[in-house]
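What follows is one structure encoded as structure tokens, with my remarks underneath.
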4 protein chains.
Amino acid sequence: MYFKQLFDHKLAQYSYIVGCQANGTAIIIDPMRDVDQYFEIAADENLEIIGAADTHIHADYVSGLREMAERGVKVYASDEGDKDWKYEWLIGSDYDHRLLKDGDSIKIGNIEIKAWYTPGHTPEHLSFFITDGAAADVPMGIASGDFVFVGDVGRPDLLESAAGMENMMESSARTLFQTVEKFKDLPEYIQVWPGHGSGSACGKALGAVPESTVGYELKFNNSIKSSDSEQNFVDFILEGQPEPPYYFARMKRVNKEGQALVADGISPVRLGVNAFMKKVEANDKAVILDTRDSKDFMDSHLPGSMSSPFNKQFNTIAGSYIEEDQHIYLVIEEDQVDEAVRDLIRVGLDYVPAYITPSDLKNYKGDKNKIETLTFGEVDKQIENGKKVLDVRKLTEYEERHIDGAINVAHTRLLPRLDEVPTDQSLVVHCAAGSRSAVASAYLAHKGYDVSVVLDDFDNYKTA
Amino acid sequence: MYFKQLFDHKLAQYSYIVGCQANGTAIIIDPMRDVDQYFEIAADENLEIIGAADTHIHADYVSGLREMAERGVKVYASDEGDKDWKYEWLIGSDYDHRLLKDGDSIKIGNIEIKAWYTPGHTPEHLSFFITDGAAADVPMGIASGDFVFVGDVGRPDLLESAAGMENMMESSARTLFQTVEKFKDLPEYIQVWPGHGSGSACGKALGAVPESTVGYELKFNNSIKSSDSEQNFVDFILEGQPEPPYYFARMKRVNKEGQALVADGISPVRLGVNAFMKKVEANDKAVILDTRDSKDFMDSHLPGSMSSPFNKQFNTIAGSYIEEDQHIYLVIEEDQVDEAVRDLIRVGLDYVPAYITPSDLKNYKGDKNKIETLTFGEVDKQIENGKKVLDVRKLTEYEERHIDGAINVAHTRLLPRLDEVPTDQSLVVHCAAGSRSAVASAYLAHKGYDVSVVLDDFDNYKTA
Amino acid sequence: MYFKQLFDHKLAQYSYIVGCQANGTAIIIDPMRDVDQYFEIAADENLEIIGAADTHIHADYVSGLREMAERGVKVYASDEGDKDWKYEWLIGSDYDHRLLKDGDSIKIGNIEIKAWYTPGHTPEHLSFFITDGAAADVPMGIASGDFVFVGDVGRPDLLESAAGMENMMESSARTLFQTVEKFKDLPEYIQVWPGHGSGSACGKALGAVPESTVGYELKFNNSIKSSDSEQNFVDFILEGQPEPPYYFARMKRVNKEGQALVADGISPVRLGVNAFMKKVEANDKAVILDTRDSKDFMDSHLPGSMSSPFNKQFNTIAGSYIEEDQHIYLVIEEDQVDEAVRDLIRVGLDYVPAYITPSDLKNYKGDKNKIETLTFGEVDKQIENGKKVLDVRKLTEYEERHIDGAINVAHTRLLPRLDEVPTDQSLVVHCAAGSRSAVASAYLAHKGYDVSVVLDDFDNYKTA
Amino acid sequence: MYFKQLFDHKLAQYSYIVGCQANGTAIIIDPMRDVDQYFEIAADENLEIIGAADTHIHADYVSGLREMAERGVKVYASDEGDKDWKYEWLIGSDYDHRLLKDGDSIKIGNIEIKAWYTPGHTPEHLSFFITDGAAADVPMGIASGDFVFVGDVGRPDLLESAAGMENMMESSARTLFQTVEKFKDLPEYIQVWPGHGSGSACGKALGAVPESTVGYELKFNNSIKSSDSEQNFVDFILEGQPEPPYYFARMKRVNKEGQALVADGISPVRLGVNAFMKKVEANDKAVILDTRDSKDFMDSHLPGSMSSPFNKQFNTIAGSYIEEDQHIYLVIEEDQVDEAVRDLIRVGLDYVPAYITPSDLKNYKGDKNKIETLTFGEVDKQIENGKKVLDVRKLTEYEERHIDGAINVAHTRLLPRLDEVPTDQSLVVHCAAGSRSAVASAYLAHKGYDVSVVLDDFDNYKTA
């Protein structure tokens with residue numbers, strides 16, 4: 001059996017290539033949308049990809065299932081869950097596909113991939129037992145999707161908190177409890193191959209070790225350990241989940257109703273800065289996304305720019321601040337363009353017409369904008385001067401300690417909650433260390449708010 | 001003044017960036033269609049591209065003028081020549097543009113670019129005198145397009161031989177003579193910056209030195225030296241011109257009527273070989289283009305494949321054997337995909353849906369094809385056995401020496417002259433050393449002919 | 001805990017980075033010699049490498065321990081085994097280091113790495129239990145080095161078969177049996193992180209899945225399953241082990257006595273082909289190593305060249321045919337130079353003065369050599385003509401079926417057994433499919449033997 | 001004839017490849033030390049490099065002549081000039097070489113390269129007439145070295161101003177006048193292929209157009225135009241020459257006495273930041289060279305660091321502030337390491353043991369340093385407080401306008417003139433816009449001076 005785990009650092013997502021060397025075929029579990037990566041690896045290993053399977057309808061990235069189907073690969077998706085949880089784009093389509101119920105199995109040469117119904121994170125969620133038939137008659141491991149992670153379980157609140165489905169949170173948590181109970185019956189030696197790792201917003205305490213075992217998780221996974229009673233588990237699992245990024249809701253819809261195809265490729269064109277700005281001004285869907293670091297951005301940027309520094313949060317932030325039909329004009333280093341485009345299409349942002357590089361900015365003939373930066377030592381004086389403090393940390397952080405009178409909106413939910421931000425007052429935006437406030441203040445400035453931003457450590461805020 | 005010559009090795013084309021550092025602006029002369037290259041260089045030099053000019057309606061590549069216009073750059077084109085030689089897509093368009101007559105001049109900061117009407121190669125052809133106003137009051141050089149090359153002049157027969165316009169050859173040659181006469185009046189020290197270098201099919205004796213001077217060309221350019229009388233010149237210039245590649249006719253039309261935009265980018269997808277083949281079979285515009293070397297191709301290739309090894313002839317050959325609306329499925333090394341796509345769009349082949357790599361071929365489940373290879377020692381026996389010899393060298397080579405009874409069709413003209421190839425006989429295809437016959441025989445096999453190919457040196461053919 | 005497994009495809013070697021994010025430190029287990037790779041990954045993860053540990057004295061690659069020590073990293077090595085199995089270069093050195101006995105433990109922030117004495121493959125072999133102290137009080141897994149692999153155990157015969165130590169094989173196997181017995185007491189859920197994967201010569205049946213668990217290996221690892229009695233185990237484990245590559249013996253010495261430093265870097269210079277050949281001729285330690293594929297090599301190569309196609313066997317072959325003090329002149333593609341040099345230094349071949357590319361070969365002014373290629377259908381006639389057949393497959397393959405009268409020397413042992421090859425007869429060299437015979441015949445031609453080579457499938461050999 | 005001009009942006013140096021396609025050979029004129037670049041291009045063009053020639057003993061970079069000789073290439077150097085101007089390392093050596101006198105010629109296939117003695121810039125300076133014998137019987141152009149540039153002539157003062165040879169300036173200028181007189185007799189159409197372009201410190205008014213012609217230079221080169229009388233020329237040519245970089249003196253010696261070989265390659269190792277700092281502290285020849293931009297450097301850097309941002313001035317600055325035997329520890333982005341090492345060896349800085357990247361700095365456990373930055377508005381107050389102003393602009397700039405009481409030392413001459421900088425006063429360092437003062441202040445801080453730096457535009461300095 002050939003087995004390879006792939007990790008996307010930015011979305012903390014794992015996909016898997018499982019192949020049978022005996023007949024040279026392979027299947028992809030939870031493919032991302034830029035499927036070329038899988039074809040390249042498979043070709044290097046002399047494997048042909050003949051199948052692709054989703055564990056569930058993802059909330060945090062666009063599934064690559066339709067791209068796979070379009071390339072003639074047979075695709076597999078869950079047929080569990082009620083009518084609201086169906087792969088609508090796939091059912092009845094001409095694509096070579098099969099819908100899976102609990103217990104159904106797929107054969108890839110000597111490999112058996114057997115679906116196990118594991119609802120909770122979502123109502124249709126499957127996990128896959130993988131058995132290397134050449135060596136053994138029982139599974140070597142389980143591709144657990146967003147059911148069990150290393151150190152946590154998939155959060156059952158997203159349908160409510162992210163997708164806006166009311167009163168789902170608790171019932172989903174109770175469903176998940178039942179599924180966890182079944183997990184306890186598995187042999188301890190079975191490997192657990194999760195759908196996400198440390199850094200994902202699909203759970204709250206994911207570890208940075210890429211995989212685990214049933215026995216180890218039973219012993220040390222705090223969520224599973226809380227399941228001595230259903231209520232304990234429900235309370236534990238629903239407490240302190242971070243606000244989901246705004247784009248999660250969109251992903252659910254896209255993955256259910258059908259992903260657009262990116263097969264034609266997306267190659268933004270390089271422009272001169274003034275031509276770039278003219279294009280932006282002539283396009284009412286245009287938004288400039290500046291990937292430089294926060295300090296440089298605050299110092300000087302093109303009018304109307306939004307900010308998302310090119311780090312691990314890049315596309316989570318872009319997804320949270322940009323709507324799917326907007327056209328993204330990038331300010332980015334030449335050698336980062338390809339990676340940035342790949343990141344953006346992974347979260348469903350498909351329109352990237354043009355880019356310039358940071359060094360082009362100096363040739364801009366118009367006036368640039370800046371945003372005033374503050375330290376926490378200067379904040380109280382700003383409040384005295386009548387400014388309002390906007391705290392864009394998570395609610396859990398806010399509840400621990402916050403500035404008197406500060407409003408709290410988690411930065412990844414600023415778009416849907418923009419009406420909570422006053423328009424008649426100047427704003428001072430802060431977070432814990434300056435990353436989130438930088439992005440949020442850039443967005444607010446872009447929207448016309450009068451903002452200054454605190455690029456400082458919250459520990460430096462001393463109350464009198 | 002900033003001045004940079006860019007060379008495309010495959011089409012032997014020169015384009016130029018001329019800029020004024022004093023005000024940070026630049027113009028591109030004879031841009032290719034993948035204009036990102038110019039924006040990158042300009043940005044590195046802190047120059048903004050504000051203009052782009054064509055010397056003439058090109059026959060051998062798709063001009064980048066419309067891509068430039070689309071990016072907000074002001075474009076310049078000839079307004080000379082009669083009504084058949086107008087930039088139809090530009091006239092009356094919304095693009096920022098200006099049509100140039102003899103003597104018109106463009107200012108780029110301190111630089112003056114002055115149009116000089118130099119017909120002959122084409123009826124509307126302009127050259128551009130370039131004067132660095134900060135340093136001098138006379139031109140430093142002339143961007144001569146396809147008028148004067150290093151060692152040759154632009155061929156005046158293309159309108160007839162490539163574009164099929166009847167009875168144009170001689171009159172064009174006479175027009176060119178008059179233009180050459182004017183050239184003789186220029187100061188000797190002026191630099192000559194040509195539109196093509198060694199390897200281009202736009203002339204017959206182009207040198208490999210990138211530029212020259214008026215004085216040197218007057219002394220040593222054999223075409224110019226032949227102009228002691230008009231008739232001598234006409235005879236000399238029309239003699240021995242190589243058969244133009246088939247796609248030249250198409251380029252003329254495209255450059256006159258308007259280039260399609262490639263702004264959205266072209267990114268072929270990587271597939272597994274069997275999925276690739278299914279796609280090809282389902283698409284009646286599909287053609288497989290295999291870029292491996294000839295020997296490997298003859299040994300074994302996917303059924304129906306055409307061949308164009310990835311060398312300097314790659315896109316000239318692709319242009320000569322593939323129609324513009326065909327969909328090209330590439331067999332190519334991973335690290336050559338980008339360059340290949342760039343090459344193809346330069347000759348107007350814009351549909352490249354997918355690719356596989358050479359090492360993927362071994363995973364193909366169907367039967368592969370092969371083409372029998374011969375040495376010249378084996379050819380006579382094949383003739384005795386009733387096969388017909390197809391000689392795909394140039395007519396000038398054929399006339400020097402050829403195999404008795406061989407048909408001659410220059411390989412770059414095989415498509416328009418396919419009716420000269422017998423369909424009721426097996427064919428033996430040869431050229432001088434095996435490159436051209438390889439490509440031609442692959443094409444014929446693709447079209448269903450029964451062919452074998454001589455991969456050998458013609459010097460090895462001994463007549464009894 | 002941060003955990004990352006790195007895989008070298010060519011040597012099928014796994015090394016590990018284990019780090020504690022809480023204090024930003026990391027340790028490398030079984031580092032290769034080109035340690036820059038570890039520093040790059042660690043820096044990306046904001047970890048500082050403060051430790052490096054070898055599980056044992058490796059036989060198949062040069063350990064990176066001394067490179068690590070030289071960079072100020074504390075290094076850890078086994079202090080078990082008798083006096084013949086000591087890290088001689090480390091003991092008493094100025095390097096920051098610690099020698100480990102069974103039960104000793106290393107702390108990296110919250111991580112504990114505990115040495116477990118697991119002799120058998122070698123007398124001093126350690127495995128490392130890794131415990132994430134922040135999450136658990138028992139180990140998450142075991143870095144098992146060459147003790148347990150996925151599907152196999154480390155071979156105990158290498159000291160005898162590779163390093164020439166007499167009468168070691170059986171006693172080592174019995175020691176390994178005792179260690180396996182201890183392994184059976186570990187909790188089933190513990191992950192097994194092996195030192196090698198599929199393709200390594202350090203065992204005979206290694207799987208391609210990157211890791212396993214104690215419980216799964218107890219159930220399905222055939223070597224462990226054979227341990228119902230000590231004798232069964234000894235018999236099973238010693239049977240059918242492949243001939244070790246010649247360079248293994250050298251590695252043992254180098255890793256014990258001290259690796260040379262490659263800190264200054266190795267950057268072969270590009271030369272013209274004739275200058276290259278002059279250099280080779282003037283240097284009595286020079287050897288040309290041609291990395292093109294076998295067919296191209298047989299057709300034509302520089303006189304005296306050796307062959308090792310640039311595939312997964314590249315450095316195993318180079319190590320088997322080239323002595324450590326020889327100077328390697330490469331024929332290799334430009335974009336493969338860096339990888340090739342890295343591959344070579346990993347097996348202790350440190351002198352690579354110059355290279356040319358395959359396309360340079362055509363400019364060589366001298367005569368090139370060729371080696372006659374045969375199919376299996378032509379072999380019997382060669383035998384009749386007095387040639388001797390040399391079968392370079394493994395002994396186990398030879399014993400299954402071979403050509404009458406053929407000599408057998410496994411190709412990776414050709415150097416130490418060269419006296420078994422007759423010098424007074426022309427040779428026909430074959431293997432199972434042409435890869436090994438190609439390399440072996442190139443070597444023999446280089447040594448002056450008269451050889452032809454069978455590049456064909458042994459199934460095509462029919463006995464009358 | 002094949003002809004290619006190569007440009008090094010940082011040193012503004014041109015080298016040339018001139019080849020004869022008829023016999024596949026080529027010569028390099030004025031090769032840089034990293035000669036692999038020439039072998040790569042030659043191989044791509046199917047040319048073998050058989051010769052390499054220096055126009056003169058270079059002052060601004062290490063010649064690649066010895067690297068060429070070491071690779072078996074025949075090297076050519078001037079035999080003109082008196083005994084102080086000989087290629088000492090070459091004379092009598094075993095290298096294949098030939099010393100050239102005025103009128104000597106080299107044949108490369110059909111190409112003739114004829115030496116012309118053109119002293120002035122240096123006493124032994126040659127230019128090379130290049131004649132394409134296949135096409136013409138007179139030269140196509142002249143490789144003019146540092147004799148004639150586009151828009152200027154080579155400065156004759158370097159021997160005195162850079163190399164410290166007394167009373168050479170004026171006599172050299174008079175010699176150059178005589179050589180310029182000879183230049184006036186050349187045919188106007190001859191191309192001029194200079195040794196340097198815009199940005200080089202080998203002249204004062206070099207243009208950015210890569211080449212020119214004799215006729216154009218006679219008309220518009222201001223230095224040549226000043227030669228109506230010898231005295232006019234001498235006055236014009238010696239006026240306003242910029243202070244030469246400190247390392248120029250070293251280059252003269254190295255190029256005369258013999259360049260060290262870099263054939264073994266230089267590959268700095270990646271370290272963790274704390275290990276890096278330990279290495280620096282343990283090595284009394286170590287110097288940290290930080291390539292980040294000035295602002296970031298001033299904010300925070302490793303103790304003792306020097307600064308040279310990675311832009312076009314990188315190696316000119318490094319050469320001016322670092323001695324040839326120092327060991328350079330780089331702070332640089334991963335993807336810039338290769339280019340930086342190449343840049344450094346081009347100016348003879350060969351020891352680069354290790355590097356870290358900018359993002360590694362945050363992991364440093366010790367205290368970092370900073371340098372106070374000022375605007376010009378704050379300078380007068382600093383003077384009142386007793387600080388001394390150090391103006392590191394060129395003398396010509398200083399003479400135009402300067403701050404009262406400021407000392408002037410051009411920043412590229414700070415090392416040899418360090419005794420002019422007071423040690424008993426705090427310093428305020430400025431230049432025209434902040435680049436030069438940044439580097440100079442970093443150096444002074446490294447040397448233990450108490451400095452602050454003005455990163456501002458000198459136009460902002462208002463006198464009361």
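Labeling convention for the structure tokens: chains A, B, ... as they appear, residues from 1 per chain, ligands from 1 in order of appearance.
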What are the closest atom pairs, with distances in Å to one decimal, for each residue of chain C lying within 12 Å of chain B, using only C-alpha atoms, rows by chain and rising residue number, as a tab-separated table?
```
residue	atom	partner	partner_atom	distance
C:Lys295	CA	B:Asp296	CA	10.9
C:Asp296	CA	B:Lys295	CA	10.9
C:Asp335	CA	B:Asp335	CA	10.0
```
Could the residues in this selection be written to a file with all heavy atoms, as a PDB file, in the first residue's frame?
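The result, stored in out.pdb:
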```pdb
ATOM      1  N   LYS C 295      19.920   3.320 -22.457  1.00  0.00           N
ATOM      2  CA  LYS C 295      19.961   3.211 -23.918  1.00  0.00           C
ATOM      3  C   LYS C 295      20.884   4.257 -24.519  1.00  0.00           C
ATOM      4  O   LYS C 295      21.725   3.964 -25.367  1.00  0.00           O
ATOM      5  CB  LYS C 295      18.559   3.402 -24.488  1.00  0.00           C
ATOM      6  CG  LYS C 295      17.864   2.122 -24.842  1.00  0.00           C
ATOM      7  CD  LYS C 295      16.644   2.432 -25.709  1.00  0.00           C
ATOM      8  CE  LYS C 295      15.665   1.289 -25.663  1.00  0.00           C
ATOM      9  NZ  LYS C 295      14.391   1.623 -26.287  1.00  0.00           N
ATOM     10  N   ASP C 296      20.700   5.503 -24.079  1.00  0.00           N
ATOM     11  CA  ASP C 296      21.538   6.581 -24.601  1.00  0.00           C
ATOM     12  C   ASP C 296      23.000   6.324 -24.262  1.00  0.00           C
ATOM     13  O   ASP C 296      23.888   6.567 -25.081  1.00  0.00           O
ATOM     14  CB  ASP C 296      21.103   7.933 -24.006  1.00  0.00           C
ATOM     15  CG  ASP C 296      19.753   8.375 -24.543  1.00  0.00           C
ATOM     16  OD1 ASP C 296      19.340   7.858 -25.598  1.00  0.00           O
ATOM     17  OD2 ASP C 296      19.101   9.217 -23.902  1.00  0.00           O
ATOM     18  N   ASP C 335      19.647  21.254 -14.246  1.00  0.00           N
ATOM     19  CA  ASP C 335      18.756  21.431 -13.097  1.00  0.00           C
ATOM     20  C   ASP C 335      18.778  20.239 -12.139  1.00  0.00           C
ATOM     21  O   ASP C 335      18.018  20.204 -11.178  1.00  0.00           O
ATOM     22  CB  ASP C 335      17.324  21.745 -13.553  1.00  0.00           C
ATOM     23  CG  ASP C 335      16.739  20.628 -14.392  1.00  0.00           C
ATOM     24  OD1 ASP C 335      17.453  19.632 -14.654  1.00  0.00           O
ATOM     25  OD2 ASP C 335      15.573  20.747 -14.793  1.00  0.00           O
TER      26      ASP C 335
END
```
Please provide the set of residues having any atom within 12 Å of range 377-390 of chain C, restricted to only C-alpha atoms, with same-chain residues fewer than 6 positions apart removed, written as a VMD selection string. chain C and resid 398 402 to 411 414 418 420 to 431 436 to 438 440 to 441 444 449 to 464
Could you dump the residues just selected with N, CA and C atoms as a short mmCIF file (atom, residue, chain, number, x, y, z; two decimals), in the first residue's frame?
```
data_model
loop_
_atom_site.label_atom_id
_atom_site.label_comp_id
_atom_site.auth_asym_id
_atom_site.auth_seq_id
_atom_site.Cartn_x
_atom_site.Cartn_y
_atom_site.Cartn_z
N TYR C 398 18.92 -15.59 -8.95
CA TYR C 398 19.75 -16.51 -9.73
C TYR C 398 19.35 -17.95 -9.42
N HIS C 402 18.34 -19.58 -13.93
CA HIS C 402 19.43 -18.84 -14.58
C HIS C 402 19.88 -19.54 -15.84
N ILE C 403 20.64 -18.80 -16.63
CA ILE C 403 21.17 -19.33 -17.88
C ILE C 403 22.28 -20.32 -17.56
N ASP C 404 22.27 -21.42 -18.21
CA ASP C 404 23.30 -22.45 -18.00
C ASP C 404 24.70 -21.87 -18.15
N GLY C 405 25.51 -22.12 -17.15
CA GLY C 405 26.90 -21.70 -17.24
C GLY C 405 27.15 -20.26 -16.84
N ALA C 406 26.06 -19.55 -16.48
CA ALA C 406 26.24 -18.14 -16.12
C ALA C 406 26.91 -18.01 -14.76
N ILE C 407 27.78 -17.02 -14.64
CA ILE C 407 28.35 -16.66 -13.35
C ILE C 407 27.39 -15.69 -12.68
N ASN C 408 27.28 -15.75 -11.36
CA ASN C 408 26.42 -14.78 -10.66
C ASN C 408 27.23 -13.92 -9.69
N VAL C 409 27.18 -12.63 -9.92
CA VAL C 409 27.69 -11.67 -8.94
C VAL C 409 26.67 -10.55 -8.85
N ALA C 410 26.06 -10.36 -7.68
CA ALA C 410 25.06 -9.30 -7.55
C ALA C 410 25.72 -7.96 -7.88
N HIS C 411 25.01 -7.13 -8.61
CA HIS C 411 25.68 -5.96 -9.20
C HIS C 411 26.22 -5.00 -8.13
N LEU C 414 29.87 -6.06 -7.15
CA LEU C 414 30.79 -6.37 -8.24
C LEU C 414 32.23 -5.97 -7.90
N LEU C 418 35.30 -8.74 -7.97
CA LEU C 418 35.69 -8.60 -9.37
C LEU C 418 36.57 -9.76 -9.82
N GLU C 420 36.05 -12.72 -9.50
CA GLU C 420 35.24 -13.84 -10.00
C GLU C 420 34.87 -13.69 -11.47
N VAL C 421 35.16 -12.52 -12.01
CA VAL C 421 34.81 -12.27 -13.41
C VAL C 421 36.01 -12.58 -14.30
N PRO C 422 35.83 -13.47 -15.27
CA PRO C 422 36.96 -13.87 -16.11
C PRO C 422 37.44 -12.70 -16.98
N THR C 423 38.75 -12.62 -17.14
CA THR C 423 39.32 -11.53 -17.93
C THR C 423 39.69 -12.00 -19.32
N ASP C 424 39.60 -13.31 -19.53
CA ASP C 424 40.06 -13.84 -20.81
C ASP C 424 38.91 -14.18 -21.76
N GLN C 425 37.73 -13.77 -21.39
CA GLN C 425 36.58 -14.07 -22.25
C GLN C 425 35.74 -12.81 -22.43
N SER C 426 35.11 -12.69 -23.56
CA SER C 426 34.13 -11.62 -23.74
C SER C 426 32.93 -11.95 -22.89
N LEU C 427 32.30 -10.89 -22.38
CA LEU C 427 31.19 -11.09 -21.44
C LEU C 427 29.87 -10.62 -22.02
N VAL C 428 28.81 -11.34 -21.65
CA VAL C 428 27.45 -10.89 -21.91
C VAL C 428 26.82 -10.67 -20.53
N VAL C 429 26.46 -9.42 -20.24
CA VAL C 429 25.97 -9.10 -18.90
C VAL C 429 24.45 -8.95 -18.95
N HIS C 430 23.79 -9.62 -18.00
CA HIS C 430 22.33 -9.44 -17.97
C HIS C 430 21.83 -9.37 -16.54
N CYS C 431 20.60 -8.87 -16.40
CA CYS C 431 19.90 -8.93 -15.12
C CYS C 431 18.44 -9.29 -15.43
N ARG C 436 20.18 -3.14 -13.97
CA ARG C 436 21.40 -3.50 -13.27
C ARG C 436 22.51 -3.92 -14.22
N SER C 437 22.13 -4.63 -15.29
CA SER C 437 23.16 -5.05 -16.24
C SER C 437 23.77 -3.83 -16.95
N ALA C 438 22.96 -2.80 -17.13
CA ALA C 438 23.47 -1.60 -17.80
C ALA C 438 24.60 -0.99 -16.98
N ALA C 440 26.34 -2.38 -14.54
CA ALA C 440 27.46 -3.31 -14.38
C ALA C 440 28.31 -3.38 -15.64
N SER C 441 27.67 -3.43 -16.80
CA SER C 441 28.45 -3.53 -18.04
C SER C 441 29.24 -2.25 -18.29
N LEU C 444 32.28 -2.53 -16.17
CA LEU C 444 33.25 -3.49 -16.69
C LEU C 444 33.96 -2.93 -17.92
N TYR C 449 37.14 -4.49 -19.66
CA TYR C 449 36.58 -5.77 -20.10
C TYR C 449 35.89 -5.58 -21.45
N ASP C 450 35.79 -6.67 -22.19
CA ASP C 450 35.03 -6.64 -23.44
C ASP C 450 33.62 -7.14 -23.14
N VAL C 451 32.67 -6.24 -23.19
CA VAL C 451 31.31 -6.60 -22.76
C VAL C 451 30.26 -6.23 -23.80
N SER C 452 29.18 -7.02 -23.79
CA SER C 452 27.94 -6.56 -24.40
C SER C 452 26.87 -6.74 -23.32
N VAL C 453 25.73 -6.07 -23.53
CA VAL C 453 24.76 -6.01 -22.45
C VAL C 453 23.37 -6.37 -22.96
N VAL C 454 22.63 -7.11 -22.15
CA VAL C 454 21.27 -7.46 -22.52
C VAL C 454 20.31 -6.46 -21.87
N LEU C 455 19.66 -5.65 -22.70
CA LEU C 455 18.67 -4.70 -22.18
C LEU C 455 17.29 -5.28 -22.52
N ASP C 456 16.88 -6.26 -21.79
CA ASP C 456 15.67 -7.00 -22.16
C ASP C 456 15.11 -7.66 -20.90
N ASP C 457 13.90 -8.16 -21.04
CA ASP C 457 13.22 -8.80 -19.92
C ASP C 457 13.61 -10.27 -19.86
N PHE C 458 14.05 -10.73 -18.69
CA PHE C 458 14.54 -12.11 -18.58
C PHE C 458 13.46 -13.14 -18.94
N ASP C 459 12.20 -12.76 -18.81
CA ASP C 459 11.12 -13.67 -19.23
C ASP C 459 11.23 -14.01 -20.71
N ASN C 460 11.92 -13.15 -21.47
CA ASN C 460 12.08 -13.41 -22.90
C ASN C 460 13.17 -14.43 -23.20
N TYR C 461 13.87 -14.89 -22.18
CA TYR C 461 14.89 -15.92 -22.42
C TYR C 461 14.23 -17.30 -22.41
N LYS C 462 14.24 -17.93 -23.54
CA LYS C 462 13.62 -19.25 -23.66
C LYS C 462 14.71 -20.29 -23.82
N THR C 463 14.65 -21.29 -22.97
CA THR C 463 15.61 -22.37 -23.17
C THR C 463 15.02 -23.34 -24.17
N ALA C 464 15.87 -23.83 -24.98
CA ALA C 464 15.45 -24.72 -26.07
C ALA C 464 14.79 -25.99 -25.49
#
```
Where in range 279-407 of chain C does DSSP assign alpha helix (DSSP H), given as an NGL selection string? :C and (279-282 or 294-299 or 314-321 or 337-346 or 379-384 or 395-400)
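Of the listed residues A:Lys10, A:Lys101, A:His121, A:Lys114, the one whose atoms come nearest to Gly197 in chain A is A:Lys10, with distances taken using only C-alpha atoms.
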In Å, rounded to a single decimal, give me how far CA of Lys182 in chain C is from CA of Asp102 in chain C.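 Going from CA of Asp102 in chain C over to CA of Lys182 in chain C covers 13.2 Å.
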Would you compute the distance between CA of Pro353 in chain D and CA of Glu333 in chain A? Give it in Å to one decimal. 28.5 Å
Spatial neighbours of Gly258 in chain D, max dist 9 Å, only C-alpha atoms, sep filter under 6 positions, as a count of residues only: 5
May I ask which of the residues B:Asn46, B:Phe128, B:Gly434, B:Arg174 is the closest one to Asn232 in chain B, counting only C-alpha atoms?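 Comparing B:Asn46, B:Phe128, B:Gly434, B:Arg174 against Asn232 in chain B, the winner is B:Arg174.
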I'd like the interatomic distance between CA of Ser212 in chain B and CA of Val138 in chain B, to a tenth of an Å.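 One can read the CA of Ser212 in chain B to CA of Val138 in chain B distance as 17.6 Å.
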Which neighbours of Glu160 in chain C fall inside 10 Å, counting only C-alpha atoms, when residues of the same chain fewer than 6 positions from it are skipped, and could you give them as a PyMOL selection string? chain C and resi 166-170+172+249
Please extract the residues of range 290-433 of chain A with a backbone DSSP assignment of strand (DSSP E) and present them as a list in words.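 Selecting the strand (DSSP E) positions of range 290-433 of chain A gives Asp290, Met306, Ser307, His327, Ile328, Tyr329, Leu330, Val331, Ala354, Tyr355, Ile356, Glu372, Thr373, Leu374, Lys388, Val389, Leu390, Asp391, Ile407, Asn408, Leu427, Val428, Val429 and His430 of chain A.
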